[in-house]
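Engineer: entry_10.txt (compact mmCIF, C-alpha atoms and all ligand atoms) pasted underneath:
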# COMPACT_ATOMS: atom_id res chain seq x y z
CA MET S 525 0.00 0.00 0.00
CA ALA S 526 3.01 2.28 -0.39
CA THR S 527 1.18 4.38 -2.98
CA PHE S 528 -2.15 4.79 -1.25
CA PRO S 529 -3.34 8.36 -2.03
CA LEU S 530 -2.94 11.00 0.66
CA ASN S 531 -5.26 13.92 1.30
CA PRO S 532 -4.04 16.32 -1.42
CA HIS S 533 -4.44 19.33 0.86
CA PHE S 534 -2.24 17.72 3.47
CA HIS S 535 0.26 16.50 0.91
CA GLN S 536 1.28 20.11 0.18
CA HIS S 537 2.59 20.40 3.71
CA GLN S 538 4.80 17.36 3.78
CA ALA S 539 8.02 19.32 3.24
CA LEU S 540 9.71 20.08 6.54
CA SER S 541 8.66 23.59 7.50
CA PRO S 542 11.38 26.21 8.04
CA THR S 543 10.35 26.25 11.69
CA LEU S 544 10.97 22.55 12.09
CA GLN S 545 14.21 22.76 10.13
CA ILE S 546 15.59 25.31 12.58
CA ASN S 547 14.40 23.34 15.60
CA GLU S 548 15.96 20.16 14.23
CA ARG S 549 19.22 21.98 13.65
CA VAL S 550 19.17 23.27 17.23
CA GLN S 551 18.67 19.73 18.52
CA GLN S 552 21.61 18.49 16.42
CA LEU S 553 23.88 21.24 17.72
CA TRP S 554 22.82 20.60 21.31
CA ALA S 555 23.43 16.88 20.84
CA LYS S 556 27.01 17.78 19.85
CA GLY S 557 27.32 19.78 23.05
CA GLN S 558 27.36 23.16 21.30
CA THR S 559 25.92 26.34 22.76
CA VAL S 560 22.75 27.61 21.10
CA TYR S 561 20.78 30.65 22.23
CA HIS S 562 17.31 29.36 21.53
CA PHE S 563 14.96 32.20 20.62
CA GLY S 564 12.90 29.90 18.44
CA PHE S 565 10.92 28.22 21.17
CA GLY S 566 7.66 29.97 22.10
CA GLU S 567 6.38 28.27 25.22
CA SER S 568 5.74 29.84 28.62
CA ARG S 569 7.72 27.78 31.11
CA PHE S 570 6.73 28.97 34.56
CA PRO S 571 5.75 26.31 37.14
CA VAL S 572 2.12 25.31 37.51
CA GLN S 573 0.26 27.64 39.90
CA PRO S 574 -0.14 25.66 43.19
CA ARG S 575 -3.92 26.04 43.55
CA VAL S 576 -4.44 24.93 39.95
CA LEU S 577 -2.04 22.03 40.44
CA ALA S 578 -3.91 20.92 43.58
CA ALA S 579 -7.21 21.14 41.68
CA LEU S 580 -5.89 18.82 38.97
CA GLN S 581 -4.49 16.40 41.54
CA SER S 582 -7.75 16.19 43.45
CA ASN S 583 -9.68 15.49 40.24
CA ALA S 584 -7.35 12.89 38.78
CA GLN S 585 -9.75 10.07 39.70
CA ARG S 586 -12.47 11.47 37.43
CA LYS S 587 -12.62 9.32 34.34
CA GLU S 588 -16.08 9.89 32.90
CA TYR S 589 -16.72 11.67 29.62
CA LEU S 590 -18.15 15.15 29.98
CA PRO S 591 -20.80 16.86 27.85
CA VAL S 592 -19.38 17.67 24.39
CA GLN S 593 -19.85 21.42 24.83
CA GLY S 594 -17.94 21.28 28.10
CA LEU S 595 -18.50 20.94 31.84
CA PRO S 596 -21.53 23.18 32.54
CA ALA S 597 -19.94 24.65 35.68
CA LEU S 598 -16.80 25.51 33.71
CA ARG S 599 -18.80 27.18 30.96
CA GLU S 600 -20.48 29.25 33.67
CA VAL S 601 -17.18 30.23 35.30
CA ILE S 602 -15.67 31.16 31.93
CA ALA S 603 -18.75 33.20 31.03
CA SER S 604 -18.51 35.24 34.21
CA TYR S 605 -14.70 35.51 33.90
CA TYR S 606 -15.02 37.04 30.42
CA GLY S 607 -17.95 39.11 31.64
CA ARG S 608 -15.38 40.99 33.76
CA PHE S 609 -13.61 42.20 30.63
CA LEU S 610 -16.56 42.81 28.32
CA PRO S 611 -19.36 45.36 28.51
CA THR S 612 -22.14 42.85 27.82
CA PRO S 613 -22.68 39.74 29.94
CA ILE S 614 -21.74 36.36 28.43
CA SER S 615 -24.06 33.37 28.77
CA PRO S 616 -22.67 29.85 29.37
CA GLN S 617 -24.62 28.89 26.23
CA GLN S 618 -22.09 30.90 24.21
CA VAL S 619 -19.10 28.96 25.57
CA ILE S 620 -17.63 25.73 24.16
CA ILE S 621 -14.60 23.93 25.60
CA ALA S 622 -11.99 22.12 23.49
CA PRO S 623 -8.66 20.32 23.91
CA GLY S 624 -6.74 23.53 23.16
CA SER S 625 -7.69 26.65 21.24
CA LYS S 626 -5.92 25.26 18.17
CA ALA S 627 -8.37 22.35 17.91
CA MET S 628 -11.18 24.83 18.60
CA LEU S 629 -10.05 26.99 15.70
CA PHE S 630 -9.93 24.02 13.36
CA ALA S 631 -13.50 23.06 14.29
CA LEU S 632 -14.60 26.65 13.74
CA LEU S 633 -12.99 26.81 10.31
CA MET S 634 -14.68 23.51 9.50
CA ALA S 635 -18.06 24.80 10.63
CA LEU S 636 -17.92 28.17 8.89
CA ASP S 637 -18.24 28.69 5.17
CA GLY S 638 -16.33 31.49 3.46
CA ASP S 639 -12.89 32.82 2.62
CA LEU S 640 -10.24 33.51 5.21
CA LEU S 641 -8.52 36.89 5.57
CA LEU S 642 -5.21 36.68 7.42
CA PRO S 643 -3.21 39.73 8.49
CA THR S 644 0.54 39.29 7.97
CA PRO S 645 2.63 38.34 9.76
CA SER S 646 0.36 35.46 10.63
CA TRP S 647 0.70 32.71 13.24
CA VAL S 648 2.08 29.52 11.66
CA SER S 649 -1.05 27.35 11.96
CA TYR S 650 -3.82 29.58 10.58
CA ALA S 651 -3.13 29.08 6.88
CA PRO S 652 -2.25 25.35 7.10
CA GLN S 653 -5.49 24.68 8.98
CA ALA S 654 -7.46 26.52 6.31
CA LYS S 655 -5.63 24.64 3.57
CA LEU S 656 -6.41 21.29 5.15
CA LEU S 657 -10.06 22.32 4.89
CA ALA S 658 -9.62 23.58 1.30
CA LYS S 659 -10.64 27.04 2.49
CA PRO S 660 -9.28 29.92 0.37
CA VAL S 661 -6.79 32.14 2.22
CA TYR S 662 -6.06 35.76 1.41
CA PHE S 663 -3.13 37.37 3.18
CA ILE S 664 -3.40 41.03 4.12
CA PRO S 665 -0.04 42.66 3.42
CA ALA S 666 1.66 44.90 5.97
CA SER S 667 4.75 47.04 5.83
CA VAL S 668 7.85 46.12 7.81
CA VAL S 669 8.73 49.82 8.03
CA ASP S 670 5.72 50.59 10.20
CA GLY S 671 6.13 47.45 12.28
CA TYR S 672 3.62 45.29 10.41
CA THR S 673 0.63 47.40 11.43
CA LEU S 674 -2.72 46.05 10.28
CA THR S 675 -4.63 48.83 8.50
CA ILE S 676 -8.26 49.05 7.42
CA GLU S 677 -7.02 50.16 4.00
CA ASN S 678 -5.04 46.97 3.44
CA LEU S 679 -7.84 44.86 4.86
CA HIS S 680 -10.25 46.52 2.44
CA LYS S 681 -7.95 46.01 -0.57
CA THR S 682 -7.55 42.32 0.25
CA ALA S 683 -11.22 41.76 1.05
CA GLN S 684 -12.10 43.00 -2.42
CA TYR S 685 -10.15 40.17 -4.07
CA THR S 686 -11.94 37.36 -2.30
CA GLY S 687 -14.21 35.09 -4.29
CA SER S 688 -16.82 34.48 -1.63
CA THR S 689 -19.27 36.95 -0.15
CA SER S 690 -18.72 35.32 3.27
CA LYS S 691 -15.48 36.48 4.80
CA ILE S 692 -13.77 35.46 8.03
CA LEU S 693 -10.96 37.56 9.46
CA ILE S 694 -8.60 36.19 12.12
CA ILE S 695 -6.98 38.77 14.37
CA ASN S 696 -4.46 37.97 17.10
CA SER S 697 -3.67 40.51 19.81
CA PRO S 698 -1.27 40.35 21.62
CA ASN S 699 0.36 38.97 18.54
CA ASN S 700 2.48 35.97 17.74
CA PRO S 701 4.98 36.76 16.08
CA THR S 702 5.25 40.56 16.67
CA GLY S 703 4.19 40.97 20.32
CA ARG S 704 2.16 43.99 19.23
CA MET S 705 -1.32 44.79 20.44
CA LEU S 706 -4.24 46.31 18.57
CA THR S 707 -5.29 49.66 20.02
CA SER S 708 -8.75 50.59 21.17
CA ASP S 709 -9.02 53.21 18.38
CA PHE S 710 -8.10 50.66 15.73
CA LEU S 711 -10.49 48.06 17.14
CA GLN S 712 -13.34 50.58 16.95
CA ASP S 713 -12.53 51.29 13.30
CA LEU S 714 -12.24 47.58 12.62
CA ALA S 715 -15.60 46.93 14.28
CA ALA S 716 -17.23 49.58 12.10
CA TYR S 717 -15.63 48.19 8.93
CA CYS S 718 -16.50 44.57 9.67
CA ARG S 719 -20.05 45.46 10.67
CA GLN S 720 -20.54 47.40 7.46
CA ASN S 721 -19.13 44.58 5.33
CA GLY S 722 -20.58 41.60 7.18
CA ILE S 723 -17.15 40.17 8.06
CA LEU S 724 -17.05 37.62 10.85
CA VAL S 725 -13.98 37.94 13.07
CA ILE S 726 -12.22 35.21 15.00
CA SER S 727 -10.30 37.04 17.69
CA ASP S 728 -7.43 34.85 18.89
CA GLU S 729 -6.89 36.17 22.43
CA ILE S 730 -4.76 33.31 23.71
CA TYR S 731 -2.17 35.90 24.88
CA GLY S 732 -4.82 38.26 26.27
CA ARG S 733 -3.44 38.04 29.80
CA VAL S 734 0.23 38.12 28.85
CA VAL S 735 0.58 41.89 28.65
CA ASP S 736 3.42 44.01 29.99
CA GLY S 737 1.26 46.68 31.64
CA HIS S 738 1.82 49.32 28.95
CA SER S 739 -1.82 49.13 27.89
CA PRO S 740 -4.67 46.79 28.72
CA HIS S 741 -5.74 44.02 26.38
CA ILE S 742 -9.00 44.95 24.69
CA SER S 743 -11.19 42.47 22.88
CA LEU S 744 -12.84 43.36 19.59
CA ALA S 745 -15.97 41.84 21.16
CA GLN S 746 -16.20 45.04 23.19
CA TYR S 747 -17.09 46.96 20.01
CA TYR S 748 -18.39 44.21 17.73
CA PRO S 749 -20.07 41.63 19.98
CA GLU S 750 -22.41 40.39 17.26
CA GLY S 751 -19.58 39.45 14.88
CA THR S 752 -16.67 38.39 17.11
CA ILE S 753 -15.75 34.87 18.18
CA ILE S 754 -13.22 34.95 21.03
CA LEU S 755 -10.62 32.20 21.33
CA GLY S 756 -8.81 31.66 24.61
CA GLY S 757 -7.39 29.00 26.88
CA LEU S 758 -4.97 28.13 29.65
CA SER S 759 -1.82 27.67 27.57
CA LYS S 760 -0.09 31.01 27.79
CA HIS S 761 -0.91 33.03 30.92
CA LEU S 762 -0.88 29.89 33.08
CA SER S 763 1.97 28.13 31.23
CA LEU S 764 -0.32 25.13 30.70
CA GLY S 765 0.09 24.42 26.98
CA GLY S 766 0.41 20.69 27.59
CA TRP S 767 -2.82 20.51 29.56
CA ARG S 768 -4.68 21.19 26.32
CA LEU S 769 -7.61 23.31 27.35
CA GLY S 770 -9.07 26.09 25.23
CA GLN S 771 -12.42 27.59 24.49
CA ALA S 772 -14.44 29.70 22.12
CA ILE S 773 -17.05 32.27 23.04
CA LEU S 774 -19.57 32.75 20.27
CA PRO S 775 -21.65 35.85 19.65
CA ALA S 776 -24.98 35.56 21.49
CA THR S 777 -26.89 36.02 18.24
CA MET S 778 -25.08 33.27 16.26
CA THR S 779 -27.26 30.52 17.70
CA GLY S 780 -26.96 28.28 14.64
CA LEU S 781 -23.19 27.86 15.01
CA MET S 782 -23.06 26.10 18.40
CA PRO S 783 -24.96 22.93 17.36
CA VAL S 784 -22.65 22.55 14.35
CA LEU S 785 -19.55 22.96 16.52
CA VAL S 786 -20.89 20.52 19.09
CA SER S 787 -21.54 18.04 16.32
CA ILE S 788 -17.98 18.42 14.94
CA ALA S 789 -16.52 18.14 18.45
CA SER S 790 -18.58 15.03 19.15
CA GLU S 791 -17.09 13.37 16.06
CA ILE S 792 -13.51 14.37 16.81
CA TRP S 793 -12.68 14.84 20.49
CA THR S 794 -15.89 13.98 22.41
CA SER S 795 -14.87 16.22 25.30
CA ALA S 796 -11.73 17.89 26.59
CA SER S 797 -9.94 16.01 29.40
CA THR S 798 -12.22 15.67 32.42
CA PRO S 799 -9.65 16.28 35.22
CA VAL S 800 -8.32 19.29 33.31
CA GLN S 801 -11.81 20.78 32.94
CA TYR S 802 -12.31 20.47 36.70
CA ALA S 803 -8.91 22.05 37.32
CA ALA S 804 -9.89 24.85 34.92
CA LEU S 805 -12.73 25.74 37.33
CA GLU S 806 -10.00 26.85 39.69
CA ALA S 807 -7.89 28.44 36.94
CA TYR S 808 -10.81 30.69 35.97
CA SER S 809 -11.99 31.28 39.55
CA GLY S 810 -10.36 34.71 39.77
CA HIS S 811 -8.78 33.69 43.11
CA PRO S 812 -6.35 36.46 44.19
CA GLU S 813 -3.41 34.04 44.39
CA ILE S 814 -4.00 32.91 40.81
CA GLU S 815 -4.49 36.46 39.60
CA ALA S 816 -1.23 37.49 41.31
CA TYR S 817 0.57 34.58 39.65
CA ILE S 818 -0.78 35.62 36.23
CA THR S 819 0.35 39.20 36.81
CA ASP S 820 3.81 38.12 38.00
CA CYS S 821 4.39 35.81 35.02
CA ALA S 822 3.18 38.47 32.58
CA ARG S 823 5.42 41.06 34.21
CA LEU S 824 8.45 38.78 33.93
CA HIS S 825 7.71 37.98 30.29
CA GLY S 826 7.33 41.71 29.71
CA LEU S 827 10.62 42.61 31.42
CA ARG S 828 12.58 39.94 29.60
CA THR S 829 11.06 40.91 26.27
CA GLN S 830 11.61 44.67 26.75
CA HIS S 831 15.20 44.06 27.84
CA ILE S 832 16.08 42.23 24.63
CA TRP S 833 14.03 44.60 22.47
CA SER S 834 15.86 47.65 23.91
CA TRP S 835 19.21 46.08 23.08
CA LEU S 836 18.19 45.24 19.51
CA VAL S 837 16.97 48.79 18.94
CA GLU S 838 20.16 50.15 20.50
CA LEU S 839 22.08 48.11 17.91
CA GLY S 840 20.12 49.79 15.12
CA ILE S 841 17.90 46.81 14.35
CA LEU S 842 14.42 47.72 13.13
CA CYS S 843 11.89 46.13 15.48
CA ALA S 844 8.42 47.30 16.50
CA GLN S 845 8.08 47.49 20.26
CA PRO S 846 6.24 44.48 21.66
CA HIS S 847 3.83 44.93 24.57
CA GLY S 848 2.36 41.47 24.96
CA ALA S 849 3.01 37.75 24.54
CA PHE S 850 6.74 36.93 24.46
CA TYR S 851 7.74 37.66 20.90
CA MET S 852 9.12 40.33 18.60
CA MET S 853 10.04 40.54 14.97
CA PRO S 854 13.42 42.15 14.28
CA ASN S 855 14.23 43.06 10.68
CA PHE S 856 17.68 43.04 9.04
CA ASP S 857 16.84 44.61 5.63
CA ARG S 858 19.20 47.45 6.52
CA TRP S 859 22.14 45.06 6.03
CA ARG S 860 20.69 43.43 2.92
CA GLU S 861 23.81 44.05 0.79
CA ARG S 862 26.28 42.87 3.41
CA LEU S 863 24.18 39.78 3.98
CA ALA S 864 23.90 39.08 0.23
CA GLU S 865 27.71 38.95 0.15
CA ARG S 866 27.33 36.02 2.54
CA ASP S 867 24.68 34.40 0.30
CA VAL S 868 21.90 35.44 2.63
CA THR S 869 18.94 36.78 0.64
CA THR S 870 15.92 35.25 2.39
CA SER S 871 14.74 35.09 5.98
CA ALA S 872 15.21 31.30 5.95
CA GLU S 873 18.86 31.76 4.89
CA LEU S 874 19.27 34.46 7.51
CA ALA S 875 17.94 32.15 10.23
CA HIS S 876 20.47 29.47 9.21
CA PHE S 877 23.26 32.05 9.03
CA LEU S 878 22.56 33.36 12.54
CA LEU S 879 22.41 29.83 13.90
CA ASP S 880 25.57 28.58 12.18
CA GLU S 881 27.71 31.68 12.71
CA TYR S 882 26.39 33.20 15.94
CA GLN S 883 24.56 30.32 17.71
CA LEU S 884 21.39 32.44 17.65
CA ALA S 885 18.25 30.42 16.86
CA LEU S 886 15.35 32.49 15.53
CA LEU S 887 12.56 31.55 13.14
CA PRO S 888 12.34 32.91 9.60
CA GLY S 889 9.64 35.49 8.85
CA SER S 890 8.63 33.42 5.84
CA ALA S 891 7.12 30.87 8.25
CA PHE S 892 4.77 33.66 9.31
CA ALA S 893 3.71 34.52 5.77
CA VAL S 894 5.84 37.60 5.26
CA PRO S 895 7.61 37.73 1.87
CA ALA S 896 10.58 35.34 1.87
CA THR S 897 13.06 38.04 0.85
CA GLU S 898 12.05 40.37 3.69
CA LEU S 899 14.79 39.76 6.24
CA SER S 900 12.56 39.51 9.31
CA LEU S 901 12.86 36.86 12.01
CA ARG S 902 10.69 35.90 14.92
CA LEU S 903 12.37 36.06 18.27
CA ALA S 904 10.70 34.28 21.21
CA THR S 905 11.93 35.34 24.65
CA SER S 906 10.24 32.60 26.67
CA PHE S 907 13.02 30.00 26.73
CA VAL S 908 16.45 31.55 27.28
CA ASP S 909 17.44 31.55 30.98
CA MET S 910 14.41 29.37 31.69
CA GLU S 911 15.77 26.30 29.91
CA THR S 912 14.96 23.99 32.81
CA ASP S 913 11.97 23.77 35.14
CA GLU S 914 14.33 24.56 38.03
CA LYS S 915 15.52 27.80 36.42
CA ALA S 916 11.96 28.87 35.56
CA GLU S 917 10.85 28.11 39.13
CA ALA S 918 13.76 30.04 40.62
CA MET S 919 13.03 32.99 38.33
CA LEU S 920 9.41 33.22 39.48
CA ALA S 921 10.24 32.61 43.15
CA THR S 922 12.88 35.37 43.12
CA TRP S 923 10.41 37.79 41.56
CA GLN S 924 7.63 36.85 43.98
CA ALA S 925 9.98 37.37 46.95
CA GLN S 926 11.07 40.75 45.63
CA PRO S 927 9.72 42.15 42.38
CA ASP S 928 12.79 44.04 41.25
CA GLU S 929 14.04 44.69 37.73
CA ALA S 930 17.51 43.77 38.97
CA ILE S 931 16.42 40.23 38.14
CA MET S 932 17.49 41.05 34.58
CA THR S 933 21.11 41.15 35.72
CA SER S 934 21.00 38.56 38.49
CA HIS S 935 19.13 35.80 36.62
CA HIS S 936 19.89 36.36 32.94
CA PRO S 937 23.46 35.28 32.16
CA VAL S 938 22.50 33.46 28.95
CA THR S 939 20.43 36.40 27.73
CA GLN S 940 23.44 38.63 28.33
CA LYS S 941 25.69 36.35 26.27
CA ALA S 942 23.10 36.18 23.51
CA ILE S 943 22.96 39.98 23.37
CA GLU S 944 26.75 39.96 22.97
CA GLN S 945 26.28 37.64 19.98
CA PHE S 946 23.89 40.14 18.41
CA GLN S 947 26.45 42.87 19.07
CA LYS S 948 29.13 40.81 17.30
CA LEU S 949 26.81 40.24 14.37
CA ILE S 950 26.08 43.93 13.92
CA VAL S 951 29.78 44.88 14.29
CA GLU S 952 30.55 42.40 11.53
CA LEU S 953 27.74 43.62 9.28
CA GLU S 954 28.75 47.24 9.80
CA GLY S 955 32.47 46.56 9.37
C1 LIG W 1 -1.27 32.80 18.23
C2 LIG W 1 -1.57 31.47 18.80
N1 LIG W 1 -2.83 31.01 18.74
C3 LIG W 1 -3.16 29.80 19.24
C4 LIG W 1 -2.21 28.98 19.81
C5 LIG W 1 -2.63 27.61 20.28
O1 LIG W 1 -2.74 27.52 21.64
P1 LIG W 1 -3.42 26.24 22.35
O2 LIG W 1 -3.86 25.29 21.29
O3 LIG W 1 -2.38 25.70 23.24
O4 LIG W 1 -4.63 26.79 23.10
C6 LIG W 1 -0.88 29.41 19.90
C7 LIG W 1 0.16 28.53 20.48
O5 LIG W 1 1.33 28.65 20.24
C8 LIG W 1 -0.56 30.70 19.39
O6 LIG W 1 0.70 31.16 19.44
Would it be possible to restate this file's structure as structure tokens?
Structural biologist:
Amino acid sequence: MATFPLNPHFHQHQALSPTLQINERVQQLWAKGQTVYHFGFGESRFPVQPRVLAALQSNAQRKEYLPVQGLPALREVIASYYGRFLPTPISPQQVIIAPGSKAMLFALLMALDGDLLLPTPSWVSYAPQAKLLAKPVYFIPASVVDGYTLTIENLHKTAQYTGSTSKILIINSPNNPTGRMLTSDFLQDLAAYCRQNGILVISDEIYGRVVDGHSPHISLAQYYPEGTIILGGLSKHLSLGGWRLGQAILPATMTGLMPVLVSIASEIWTSASTPVQYAALEAYSGHPEIEAYITDCARLHGLRTQHIWSWLVELGILCAQPHGAFYMMPNFDRWRERLAERDVTTSAELAHFLLDEYQLALLPGSAFAVPATELSLRLATSFVDMETDEKAEAMLATWQAQPDEAIMTSHHPVTQKAIEQFQKLIVELEG
């Protein structure tokens, strides 16, 4: 059966993605005992919050399936939790639980007809998910010079090309890969535009609670409740990616969508893990200790990210200032000619060059749907100096004992060395 036909949409993705190529290369170098400063790995690594851990432990004996839409008590807790951030109350009927927001997104794309509009840069899984479902994707261009800002003008130009009258836009703020956040003014304009043009928006707010304090996270649902689906979950602000719990909150008026989603979920995952759903009751309880933990982790991510960003900017690297998540997207177009002399003309080549010559592992911008020849890379700050559970634990404990920015000097030796590597790189490119 060696030639049995594969799903043609999946077949297109068989080539090893640039992201995986870099990660594989890092593993090879590590296996040889070489130093690599790994800025490719985007996973929050703080220890599990004790109350949430205890909740999971005390529910480990639960083995029954739960209702497909999710544990009713959890849907209630999530509804009131989101009600804190939104002007209109959320009903538990609008909430559906999934094994991760990624699976939730896939079910949504399966349930909804229409073309997909994706702002660039775009998180690595949006377009592949759409392609697996044979859903047309239209990328909204953005300019590196203004930090990849999404504009209504570019959205409008792209929306005009689409073949279908039904259009779905995915927004992601705070953003992976840029760390940028959409402003309240922009969200109001976006709400007006989408309302006028009947565009449904999936608002990926998985990093909604990983913000550095510069400005609050605002959901588009605040201004466009009737046309915004909110995606969220435990993965980022609680460092619980492996627990696989996410959810969607549907607009109150889209009553036809929930039964379709429940039907898809019943055919694919039945229900998210039962012990994890019970533990999520605690995670979404709003308990002061959990809220303090979330704030502390977000503050540390913010400090670490700002520290590296400031250094890159100091070195003359173009990089929009991140204010959320744990990413940024530095651009090296300024050294295009010097890099071309070293046979580096694409972001994928640049990523390999930085890894081979400077031990700096970053992901190519092309993996995030920016043009391959634009020399942008995604830098994730979540891993370096938190390589082991022990280091991540010590980092948080030190901060909790005394929240002091001096932690950037006392607990960040690897970050410091990595910054020196960037300095060397720029000296060489300038020389
Ligand atoms: C932008 C974005 N959306 C969604 C996800 C998926 O999160 P999960 O499936 O763990 O809820 C991620 C994870 O990396 C992400 O970066």
Engineer: Would you name the residues within 10 Å of ligand LIG 1 (chain W), counting only C-alpha atoms and all ligand atoms, and put them as a PyMOL selection string?
Structural biologist: chain S and resi 565-568+622-629+646-650+695-701+727-731+755-760+763-771+849-851
Engineer: Applying 12 Å and all atoms listed in the file, which residues near stretch 609-614 of chain S remain after dropping the ones on its own chain fewer than 6 positions away? List them as a list in words.
Structural biologist: Arg599, Glu600, Val601, Ile602, Ala603, Gly732, Arg733, Pro740, His741, Ile742, Ser743, Leu744, Ala745, Gln746, Tyr747, Tyr748, Pro749, Glu750, Ile753, Ile754, Ala772, Ile773, Leu774, Pro775, Ala776 and Thr777 of chain S
Engineer: How many Å lie between atom CA of S:Arg569 and atom CA of S:His876, rounded to one decimal?
Structural biologist: 25.4 Å
Engineer: Of the candidates S:Pro937, S:Gly594, S:Pro532, S:Pro660, which one gets nearest to S:Asp909 if we count all atoms listed in the file?
Structural biologist: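 Smallest distance to S:Asp909 is found for S:Pro937.
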Engineer: One decimal, in Å: what's the spacing between atom CA of S:Gly703 and atom CA of S:Glu917?
Structural biologist: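 That distance, rounded to one decimal, is 23.7 Å.
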Engineer: So what do you get for atom CA of S:Val560 versus atom CA of S:Ile943, distance-wise?
Structural biologist: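 Calculated distance between atom CA of S:Val560 and atom CA of S:Ile943 is 12.6 Å.
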Engineer: My list of candidates is S:Thr794, S:Gln552, S:Thr686, S:Gln947. Which is closest to S:Leu836 when distances are computed with only C-alpha atoms?
Structural biologist: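 Closest candidate: S:Gln947.
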Engineer: Enumerate, in order of chain and increasing residue number, the residues of stretch 778-884 of chain S with an atom no farther than 12 Å from stretch 705-724 of chain S, each with its shortest atom pair and distance in Å to one decimal, counting only C-alpha atoms, as JSON lines.
Structural biologist:
{"residue": "S:Met778", "atom": "CA", "partner": "S:Leu724", "partner_atom": "CA", "distance": 10.6}
{"residue": "S:Ala844", "atom": "CA", "partner": "S:Met705", "partner_atom": "CA", "distance": 10.8}
{"residue": "S:Gln845", "atom": "CA", "partner": "S:Met705", "partner_atom": "CA", "distance": 9.8}
{"residue": "S:Pro846", "atom": "CA", "partner": "S:Met705", "partner_atom": "CA", "distance": 7.7}
{"residue": "S:His847", "atom": "CA", "partner": "S:Met705", "partner_atom": "CA", "distance": 6.6}
{"residue": "S:Gly848", "atom": "CA", "partner": "S:Met705", "partner_atom": "CA", "distance": 6.7}
{"residue": "S:Ala849", "atom": "CA", "partner": "S:Met705", "partner_atom": "CA", "distance": 9.2}
{"residue": "S:Phe850", "atom": "CA", "partner": "S:Met705", "partner_atom": "CA", "distance": 12.0}
{"residue": "S:Tyr851", "atom": "CA", "partner": "S:Met705", "partner_atom": "CA", "distance": 11.5}
{"residue": "S:Met852", "atom": "CA", "partner": "S:Met705", "partner_atom": "CA", "distance": 11.5}
Engineer: Residues of the last selection are to be written out with C-alpha atoms, as a short mmCIF file (atom, residue, chain, number, x, y, z; two decimals), in the coordinates of the input.
Structural biologist:
data_model
loop_
_atom_site.label_atom_id
_atom_site.label_comp_id
_atom_site.auth_asym_id
_atom_site.auth_seq_id
_atom_site.Cartn_x
_atom_site.Cartn_y
_atom_site.Cartn_z
CA MET S 778 -25.08 33.27 16.26
CA ALA S 844 8.42 47.30 16.50
CA GLN S 845 8.08 47.49 20.26
CA PRO S 846 6.24 44.48 21.66
CA HIS S 847 3.83 44.93 24.57
CA GLY S 848 2.36 41.47 24.96
CA ALA S 849 3.01 37.75 24.54
CA PHE S 850 6.74 36.93 24.46
CA TYR S 851 7.74 37.66 20.90
CA MET S 852 9.12 40.33 18.60
#
Engineer: Hey, what's within 8 Å of S:Leu633 if we count only C-alpha atoms and toss same-chain stuff fewer than 3 positions away? As a PyMOL selection string, please?
Structural biologist: chain S and resi 629-630+636-637+653-654+657
Engineer: Kindly indicate which residue among S:Pro529, S:Pro591, S:Pro574, S:Gly638 lies nearest to S:Val786, using all atoms listed in the file for the distances.
Structural biologist: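 Of S:Pro529, S:Pro591, S:Pro574, S:Gly638, the one nearest S:Val786 is S:Pro591, counting all atoms listed in the file.
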Engineer: Write out as a short mmCIF file (atom, residue, chain, number, x, y, z; two decimals) with C-alpha atoms, keeping the file's coordinate frame the residues lying within 12 Å of S:Arg586, counting only C-alpha atoms and excluding same-chain residues fewer than 5 positions away.
Structural biologist:
data_model
loop_
_atom_site.label_atom_id
_atom_site.label_comp_id
_atom_site.auth_asym_id
_atom_site.auth_seq_id
_atom_site.Cartn_x
_atom_site.Cartn_y
_atom_site.Cartn_z
CA ALA S 579 -7.21 21.14 41.68
CA LEU S 580 -5.89 18.82 38.97
CA GLN S 581 -4.49 16.40 41.54
CA SER S 797 -9.94 16.01 29.40
CA THR S 798 -12.22 15.67 32.42
CA PRO S 799 -9.65 16.28 35.22
CA VAL S 800 -8.32 19.29 33.31
CA GLN S 801 -11.81 20.78 32.94
CA TYR S 802 -12.31 20.47 36.70
CA ALA S 803 -8.91 22.05 37.32
#
Engineer: Write out as an mmCIF file with C-alpha atoms, keeping the file's coordinate frame which residues come within 12 Å of S:Val550 when counting all atoms listed in the file, dropping same-chain ones fewer than 6 positions away.
Structural biologist:
data_model
loop_
_atom_site.group_PDB
_atom_site.id
_atom_site.type_symbol
_atom_site.label_atom_id
_atom_site.label_comp_id
_atom_site.auth_asym_id
_atom_site.auth_seq_id
_atom_site.Cartn_x
_atom_site.Cartn_y
_atom_site.Cartn_z
ATOM 1 C CA THR S 543 10.350 26.250 11.690
ATOM 2 C CA LEU S 544 10.970 22.550 12.090
ATOM 3 C CA LYS S 556 27.010 17.780 19.850
ATOM 4 C CA GLY S 557 27.320 19.780 23.050
ATOM 5 C CA GLN S 558 27.360 23.160 21.300
ATOM 6 C CA THR S 559 25.920 26.340 22.760
ATOM 7 C CA VAL S 560 22.750 27.610 21.100
ATOM 8 C CA TYR S 561 20.780 30.650 22.230
ATOM 9 C CA HIS S 562 17.310 29.360 21.530
ATOM 10 C CA PHE S 563 14.960 32.200 20.620
ATOM 11 C CA GLY S 564 12.900 29.900 18.440
ATOM 12 C CA PHE S 565 10.920 28.220 21.170
ATOM 13 C CA ALA S 875 17.940 32.150 10.230
ATOM 14 C CA HIS S 876 20.470 29.470 9.210
ATOM 15 C CA LEU S 878 22.560 33.360 12.540
ATOM 16 C CA LEU S 879 22.410 29.830 13.900
ATOM 17 C CA ASP S 880 25.570 28.580 12.180
ATOM 18 C CA GLN S 883 24.560 30.320 17.710
ATOM 19 C CA LEU S 884 21.390 32.440 17.650
ATOM 20 C CA ALA S 885 18.250 30.420 16.860
ATOM 21 C CA LEU S 886 15.350 32.490 15.530
ATOM 22 C CA LEU S 887 12.560 31.550 13.140
#
